[in-house]
Amino acid sequence: MGDDLVSLFALFSPTDYRYFVKELGPYLSEESFVKYKSRIESALAKTLSRRGIISQESAEEISKASEQVTAKEVYEEEAKTGHDIIAQVNMIRKRISDEAKTGVHRTATSYDIVDTANALRYRDAFVNVILPDMVSLEKAWIDTTRTEKDTLQIGRTHLQHAEPITFGFNMAWYASRLGRRILKLREAVESLEGKFSGAVGAYNASYLFVEDPEEFEREILATVGLNPSEISTQIVQPEPMTDLVHYVTSGFTILANWADDMRNLQRPEIAEIGQPRGKDVSRSSTMPHKANPVGLENIKSLWKATVPYMFMMYLDQISDHQRDLTNSGSQRYIPQILNQFDYSVRRATRISRNLKPHVQNMLKNFEMSADKIIAEPLHLLLSAYGHPNSHEYVGKLVDESYVTGEPLTKIILNDKSLETYLQKFTPKQLDIISDPSKYLGIASKKAEKIAALWEQRLGLTAK
């Protein structure tokens with residue numbers, strides 16, 4: 001254990017020693033990358049065997065040897081060869097008979113293996129870990145949406161009190177946004193493609209051995225459950241991977257936006273929600289009274305560290321002619337992007353389940369502006385009933401209320417010029433003017449609608 005810790009903390013990236021998601025290790029680690037590349041070499045050998053190009057015994061030897069290759073030995077061999085795929089091929093070949101050696105990597109170029117292995121491991125990471133984690137967060141947000149659908153809260157625009165909403169309606173906004181990213185990521189994952197078209201994509205090598213190289217490619221990829229790129233060069237078309245990272249990045253932005261909002265709602269002068277002390281709320285190192293929302297801040301911080309990689313993905317869409325090496329180093333950072341995102345999804349889920357709305361503080365904050373927020377329904381109704389300049393007139397009454405301290409409702413009722421208009425108001429409209437907490441539109445119904453909608457779209461079961 002001691003040696004492991006020394007090795008761990010000798011690493012450079014905080015993703016490895018601080019933000020690592022253990023469940024993603026089988027897909028995103030360098031060891032797993034080697035294993036996935038071996039799976040592609042094995043799929044190639046099995047297809048060559050089915051085509052009668054190599055014997056079944058040779059294919060079995062190659063498959064068994066491929067399973068035994070480790071990242072450590074590949075890297076040691078690469079130090080000699082200067083090429084990672086040649087190194088991995090050598091590690092397979094050293095374990096098998098001379099007859100079987102002729103089948104290893106036959107017809108393949110390096111990126112037939114690399115691009116296909118990446119598509120496969122990223123797909124598996126999303127299907128088995130990242131998408132389920134996103135759904136768990138979505139469930140937490142849907143639960144809050146439904147539980148707090150009637151909890152009165154002041155809405156804010158430009159950081160100023162605007163109109164009343166409910167906290168459930170507030171959370172429905174985030175549940176809807178995240179739900180859309182989940183659907184887009186499902187599509188993006190299904191769109192990941194592999195290739196087995198050779199060094200320039202024209203099937204030059206495979207056409208030496210088979211008459212139908214495109215079908216040969218499809219057979220290899222079907223072995224691992226992937227579809228081939230419609231046309232490729234030495235690399236697959238980059239847009240499916242770019243789309244995948246785009247939806248991750250935009251999903252991460254939703255987390256950062258939510259984290260900012262929840263953090264601001266915890267400010268003592270607002271205090272509309274709270275969190276228990278623990279992993280996501282810490283004391284100051286010098287001020288024991290403080291409750292710092294470090295979990296929410298960490299989500300925002302990791303988002304800032306991740307977003308610039310999206311620019312890298314756009315740059316990686318460009319490759320000179322049939323391929324250059326300018327994406328080989330940068331593409332190795334995709335696992336870090338995915339890990340940081342999933343780490344933050346998990347943290348947001350834990351925080352969401354522990355958030356406690358402070359209903360009385362929400363009501364208190366609402367009441368700070370309750371008298372003034374009737375300005376909107378008032379001017380709209382006055383205009384509807386014939387007032388020639390209701391917006392400007394009500395604005396002057398609001399200013400008068402601020403200056404004199406007299407409630408706007410009282411000023412309105414004492415304004416003789418408004419009597420004829422107010423007499424036309426319906427009981428419902430008069431009720432809203434006298435009780436601004438009823439000026440909620442359909443916030444509660446909309447929150448419930450969004451909760452039910454995303455449960456249905458994502459195949460979730462209502463509580």
# chains A, B, ... in the order shown; residues from 1 in each chain; ligands from 1
$ residues_around --residues "region 402-410 of chain A" --least-positions-apart "4" --cutoff "12 Å" --atoms "only C-alpha atoms" --output "list in words"
Met368, Ser369, Ala370, Asp371, Lys372, Ile373, Ile374, Ala375, Leu378, Val394, Gly395, Lys396, Leu397, Val398, Asn414, Asp415, Lys416, Leu430, Asp431, Ile432, Ile433, Ser434, Asp435 and Pro436 of chain A
$ write_last_selection --atoms "N, CA and C atoms" --output "PDB file, in the first residue's frame"
ATOM      1  N   MET A 368     -39.944  40.845   1.157  1.00  0.00           N
ATOM      2  CA  MET A 368     -39.181  42.073   0.986  1.00  0.00           C
ATOM      3  C   MET A 368     -39.668  42.870  -0.222  1.00  0.00           C
ATOM      4  N   SER A 369     -40.095  42.150  -1.254  1.00  0.00           N
ATOM      5  CA  SER A 369     -40.494  42.813  -2.501  1.00  0.00           C
ATOM      6  C   SER A 369     -41.960  42.592  -2.844  1.00  0.00           C
ATOM      7  N   ALA A 370     -42.684  41.941  -1.963  1.00  0.00           N
ATOM      8  CA  ALA A 370     -44.068  41.574  -2.280  1.00  0.00           C
ATOM      9  C   ALA A 370     -44.906  42.775  -2.688  1.00  0.00           C
ATOM     10  N   ASP A 371     -44.723  43.890  -2.002  1.00  0.00           N
ATOM     11  CA  ASP A 371     -45.530  45.075  -2.286  1.00  0.00           C
ATOM     12  C   ASP A 371     -45.237  45.656  -3.667  1.00  0.00           C
ATOM     13  N   LYS A 372     -44.015  45.464  -4.158  1.00  0.00           N
ATOM     14  CA  LYS A 372     -43.630  46.098  -5.428  1.00  0.00           C
ATOM     15  C   LYS A 372     -43.878  45.200  -6.640  1.00  0.00           C
ATOM     16  N   ILE A 373     -43.880  43.899  -6.444  1.00  0.00           N
ATOM     17  CA  ILE A 373     -43.997  43.023  -7.621  1.00  0.00           C
ATOM     18  C   ILE A 373     -45.390  43.044  -8.230  1.00  0.00           C
ATOM     19  N   ILE A 374     -46.338  43.682  -7.538  1.00  0.00           N
ATOM     20  CA  ILE A 374     -47.660  43.815  -8.158  1.00  0.00           C
ATOM     21  C   ILE A 374     -47.643  44.834  -9.289  1.00  0.00           C
ATOM     22  N   ALA A 375     -46.507  45.544  -9.448  1.00  0.00           N
ATOM     23  CA  ALA A 375     -46.419  46.567 -10.491  1.00  0.00           C
ATOM     24  C   ALA A 375     -46.672  45.969 -11.872  1.00  0.00           C
ATOM     25  N   LEU A 378     -50.379  44.928 -12.318  1.00  0.00           N
ATOM     26  CA  LEU A 378     -51.177  46.147 -12.275  1.00  0.00           C
ATOM     27  C   LEU A 378     -51.119  46.901 -13.594  1.00  0.00           C
ATOM     28  N   VAL A 394     -47.557  53.550 -13.509  1.00  0.00           N
ATOM     29  CA  VAL A 394     -47.296  52.645 -12.388  1.00  0.00           C
ATOM     30  C   VAL A 394     -45.849  52.791 -11.923  1.00  0.00           C
ATOM     31  N   GLY A 395     -44.941  53.018 -12.864  1.00  0.00           N
ATOM     32  CA  GLY A 395     -43.538  53.233 -12.505  1.00  0.00           C
ATOM     33  C   GLY A 395     -43.380  54.424 -11.575  1.00  0.00           C
ATOM     34  N   LYS A 396     -44.110  55.493 -11.843  1.00  0.00           N
ATOM     35  CA  LYS A 396     -44.056  56.681 -10.975  1.00  0.00           C
ATOM     36  C   LYS A 396     -44.604  56.363  -9.591  1.00  0.00           C
ATOM     37  N   LEU A 397     -45.654  55.549  -9.538  1.00  0.00           N
ATOM     38  CA  LEU A 397     -46.217  55.162  -8.242  1.00  0.00           C
ATOM     39  C   LEU A 397     -45.221  54.306  -7.448  1.00  0.00           C
ATOM     40  N   VAL A 398     -44.507  53.443  -8.141  1.00  0.00           N
ATOM     41  CA  VAL A 398     -43.476  52.637  -7.479  1.00  0.00           C
ATOM     42  C   VAL A 398     -42.394  53.546  -6.902  1.00  0.00           C
ATOM     43  N   ASN A 414     -55.659  54.555  -3.040  1.00  0.00           N
ATOM     44  CA  ASN A 414     -55.973  55.958  -2.751  1.00  0.00           C
ATOM     45  C   ASN A 414     -55.899  56.854  -3.988  1.00  0.00           C
ATOM     46  N   ASP A 415     -55.492  56.248  -5.118  1.00  0.00           N
ATOM     47  CA  ASP A 415     -55.343  57.043  -6.349  1.00  0.00           C
ATOM     48  C   ASP A 415     -56.705  57.135  -7.054  1.00  0.00           C
ATOM     49  N   LYS A 416     -57.327  58.328  -6.991  1.00  0.00           N
ATOM     50  CA  LYS A 416     -58.663  58.516  -7.554  1.00  0.00           C
ATOM     51  C   LYS A 416     -58.702  58.287  -9.064  1.00  0.00           C
ATOM     52  N   LEU A 430     -58.190  41.181  -8.804  1.00  0.00           N
ATOM     53  CA  LEU A 430     -58.081  41.978  -7.580  1.00  0.00           C
ATOM     54  C   LEU A 430     -57.380  41.196  -6.477  1.00  0.00           C
ATOM     55  N   ASP A 431     -57.623  39.883  -6.445  1.00  0.00           N
ATOM     56  CA  ASP A 431     -57.001  39.027  -5.436  1.00  0.00           C
ATOM     57  C   ASP A 431     -55.480  39.014  -5.601  1.00  0.00           C
ATOM     58  N   ILE A 432     -55.020  38.973  -6.848  1.00  0.00           N
ATOM     59  CA  ILE A 432     -53.580  38.971  -7.119  1.00  0.00           C
ATOM     60  C   ILE A 432     -52.958  40.309  -6.716  1.00  0.00           C
ATOM     61  N   ILE A 433     -53.652  41.403  -6.997  1.00  0.00           N
ATOM     62  CA  ILE A 433     -53.126  42.718  -6.638  1.00  0.00           C
ATOM     63  C   ILE A 433     -53.010  42.863  -5.127  1.00  0.00           C
ATOM     64  N   SER A 434     -53.951  42.279  -4.392  1.00  0.00           N
ATOM     65  CA  SER A 434     -53.925  42.390  -2.933  1.00  0.00           C
ATOM     66  C   SER A 434     -53.052  41.325  -2.273  1.00  0.00           C
ATOM     67  N   ASP A 435     -52.799  40.222  -2.978  1.00  0.00           N
ATOM     68  CA  ASP A 435     -51.974  39.136  -2.420  1.00  0.00           C
ATOM     69  C   ASP A 435     -50.981  38.655  -3.482  1.00  0.00           C
ATOM     70  N   PRO A 436     -49.817  39.298  -3.571  1.00  0.00           N
ATOM     71  CA  PRO A 436     -48.838  38.988  -4.628  1.00  0.00           C
ATOM     72  C   PRO A 436     -48.349  37.542  -4.631  1.00  0.00           C
TER      73      PRO A 436
END
$ closest_atom_pairs --of "region 94-193 of chain A" --to "region 60-65 of chain A" --cutoff "9 Å" --atoms "only C-alpha atoms" --output "JSON lines"
{"residue": "A:Lys94", "atom": "CA", "partner": "A:Ala65", "partner_atom": "CA", "distance": 8.6}
{"residue": "A:Arg95", "atom": "CA", "partner": "A:Ala65", "partner_atom": "CA", "distance": 5.9}
{"residue": "A:Ile96", "atom": "CA", "partner": "A:Glu61", "partner_atom": "CA", "distance": 6.1}
{"residue": "A:Ser97", "atom": "CA", "partner": "A:Glu61", "partner_atom": "CA", "distance": 7.9}
{"residue": "A:Ala100", "atom": "CA", "partner": "A:Glu61", "partner_atom": "CA", "distance": 6.8}
{"residue": "A:Lys101", "atom": "CA", "partner": "A:Ile62", "partner_atom": "CA", "distance": 7.9}
{"residue": "A:Gly103", "atom": "CA", "partner": "A:Ile62", "partner_atom": "CA", "distance": 8.0}
{"residue": "A:Val104", "atom": "CA", "partner": "A:Ile62", "partner_atom": "CA", "distance": 6.9}
$ residues_around --residues "Ile442 (chain A)" --least-positions-apart "4" --cutoff "9 Å" --atoms "only C-alpha atoms" --output "PyMOL selection string"
chain A and resi 165+446-447
$ write_last_selection --atoms "C-alpha atoms" --output "compact mmCIF listing (two decimals), in the first residue's frame"
# COMPACT_ATOMS: atom_id res chain seq x y z
CA ILE A 165 -41.94 31.40 -8.63
CA LYS A 446 -45.18 23.50 -14.82
CA ALA A 447 -42.79 22.00 -12.26
$ residues_around --residues "Gln237 (chain A)" --least-positions-apart "6" --cutoff "10 Å" --atoms "only C-alpha atoms" --output "PDB file with N, CA and C atoms, in the first residue's frame"
ATOM      1  N   ASP A 115      -8.413   4.185 -33.079  1.00  0.00           N
ATOM      2  CA  ASP A 115      -9.715   4.852 -33.159  1.00  0.00           C
ATOM      3  C   ASP A 115     -10.851   3.909 -32.780  1.00  0.00           C
ATOM      4  N   LEU A 192     -20.769   6.814 -32.151  1.00  0.00           N
ATOM      5  CA  LEU A 192     -19.327   6.554 -32.195  1.00  0.00           C
ATOM      6  C   LEU A 192     -19.035   5.422 -33.172  1.00  0.00           C
ATOM      7  N   GLU A 193     -17.989   5.608 -33.959  1.00  0.00           N
ATOM      8  CA  GLU A 193     -17.701   4.667 -35.042  1.00  0.00           C
ATOM      9  C   GLU A 193     -16.263   4.157 -34.961  1.00  0.00           C
ATOM     10  N   GLY A 194     -16.066   3.010 -35.557  1.00  0.00           N
ATOM     11  CA  GLY A 194     -14.727   2.464 -35.719  1.00  0.00           C
ATOM     12  C   GLY A 194     -14.346   2.447 -37.187  1.00  0.00           C
ATOM     13  N   LYS A 195     -13.199   1.864 -37.490  1.00  0.00           N
ATOM     14  CA  LYS A 195     -12.776   1.768 -38.887  1.00  0.00           C
ATOM     15  C   LYS A 195     -11.769   0.638 -39.036  1.00  0.00           C
ATOM     16  N   SER A 229     -17.181   3.905 -39.912  1.00  0.00           N
ATOM     17  CA  SER A 229     -17.330   5.250 -40.448  1.00  0.00           C
ATOM     18  C   SER A 229     -17.714   5.140 -41.925  1.00  0.00           C
ATOM     19  N   GLU A 230     -18.604   6.007 -42.361  1.00  0.00           N
ATOM     20  CA  GLU A 230     -19.085   5.972 -43.745  1.00  0.00           C
ATOM     21  C   GLU A 230     -17.929   6.006 -44.740  1.00  0.00           C
ATOM     22  N   ILE A 231     -16.992   6.871 -44.483  1.00  0.00           N
ATOM     23  CA  ILE A 231     -15.734   6.896 -45.228  1.00  0.00           C
ATOM     24  C   ILE A 231     -14.686   7.402 -44.247  1.00  0.00           C
ATOM     25  N   GLN A 317     -10.365  18.405 -35.282  1.00  0.00           N
ATOM     26  CA  GLN A 317     -11.132  18.043 -36.472  1.00  0.00           C
ATOM     27  C   GLN A 317     -10.303  18.210 -37.746  1.00  0.00           C
TER      28      GLN A 317
END
$ residues_around --residues "region 133-139 of chain A" --least-positions-apart "3" --cutoff "6 Å" --atoms "only C-alpha atoms" --output "ChimeraX atom specification"
/A:130,142,175,349
$ write_last_selection --atoms "C-alpha atoms" --output "compact mmCIF listing (two decimals), in the first residue's frame"
# COMPACT_ATOMS: atom_id res chain seq x y z
CA ILE A 130 -21.39 8.09 -16.89
CA ILE A 142 -36.76 15.65 -10.43
CA ALA A 175 -33.91 19.00 -14.67
CA THR A 349 -25.86 14.26 -6.93
$ residues_around --residues "His387 (chain A)" --least-positions-apart "2" --cutoff "12 Å" --atoms "only C-alpha atoms" --output "PyMOL selection string"
chain A and resi 378-385+389-394+417-422+424
$ write_last_selection --atoms "C-alpha atoms" --output "CSV table (one decimal), in the first residue's frame"
chain,number,residue,atom,x,y,z
A,378,LEU,CA,-51.2,46.1,-12.3
A,379,HIS,CA,-49.8,47.9,-15.4
A,380,LEU,CA,-50.8,45.1,-17.6
A,381,LEU,CA,-54.4,45.0,-16.3
A,382,LEU,CA,-54.7,48.8,-16.4
A,383,SER,CA,-53.6,48.8,-20.0
A,384,ALA,CA,-56.0,46.1,-20.9
A,385,TYR,CA,-58.8,48.1,-19.3
A,389,ASN,CA,-49.9,55.0,-20.3
A,390,SER,CA,-50.0,52.4,-17.6
A,391,HIS,CA,-46.3,51.3,-17.6
A,392,GLU,CA,-45.0,54.8,-17.0
A,393,TYR,CA,-47.8,55.7,-14.6
A,394,VAL,CA,-47.3,52.6,-12.4
A,417,SER,CA,-57.5,58.4,-11.2
A,418,LEU,CA,-57.4,54.6,-11.0
A,419,GLU,CA,-60.8,54.0,-9.5
A,420,THR,CA,-62.7,53.5,-12.8
A,421,TYR,CA,-60.1,51.0,-14.0
A,422,LEU,CA,-59.9,49.0,-10.8
A,424,LYS,CA,-63.3,46.6,-14.0
$ atom_distance --atom1 "CA of Ala172 (chain A)" --atom2 "CA of Thr145 (chain A)"
5.4 Å
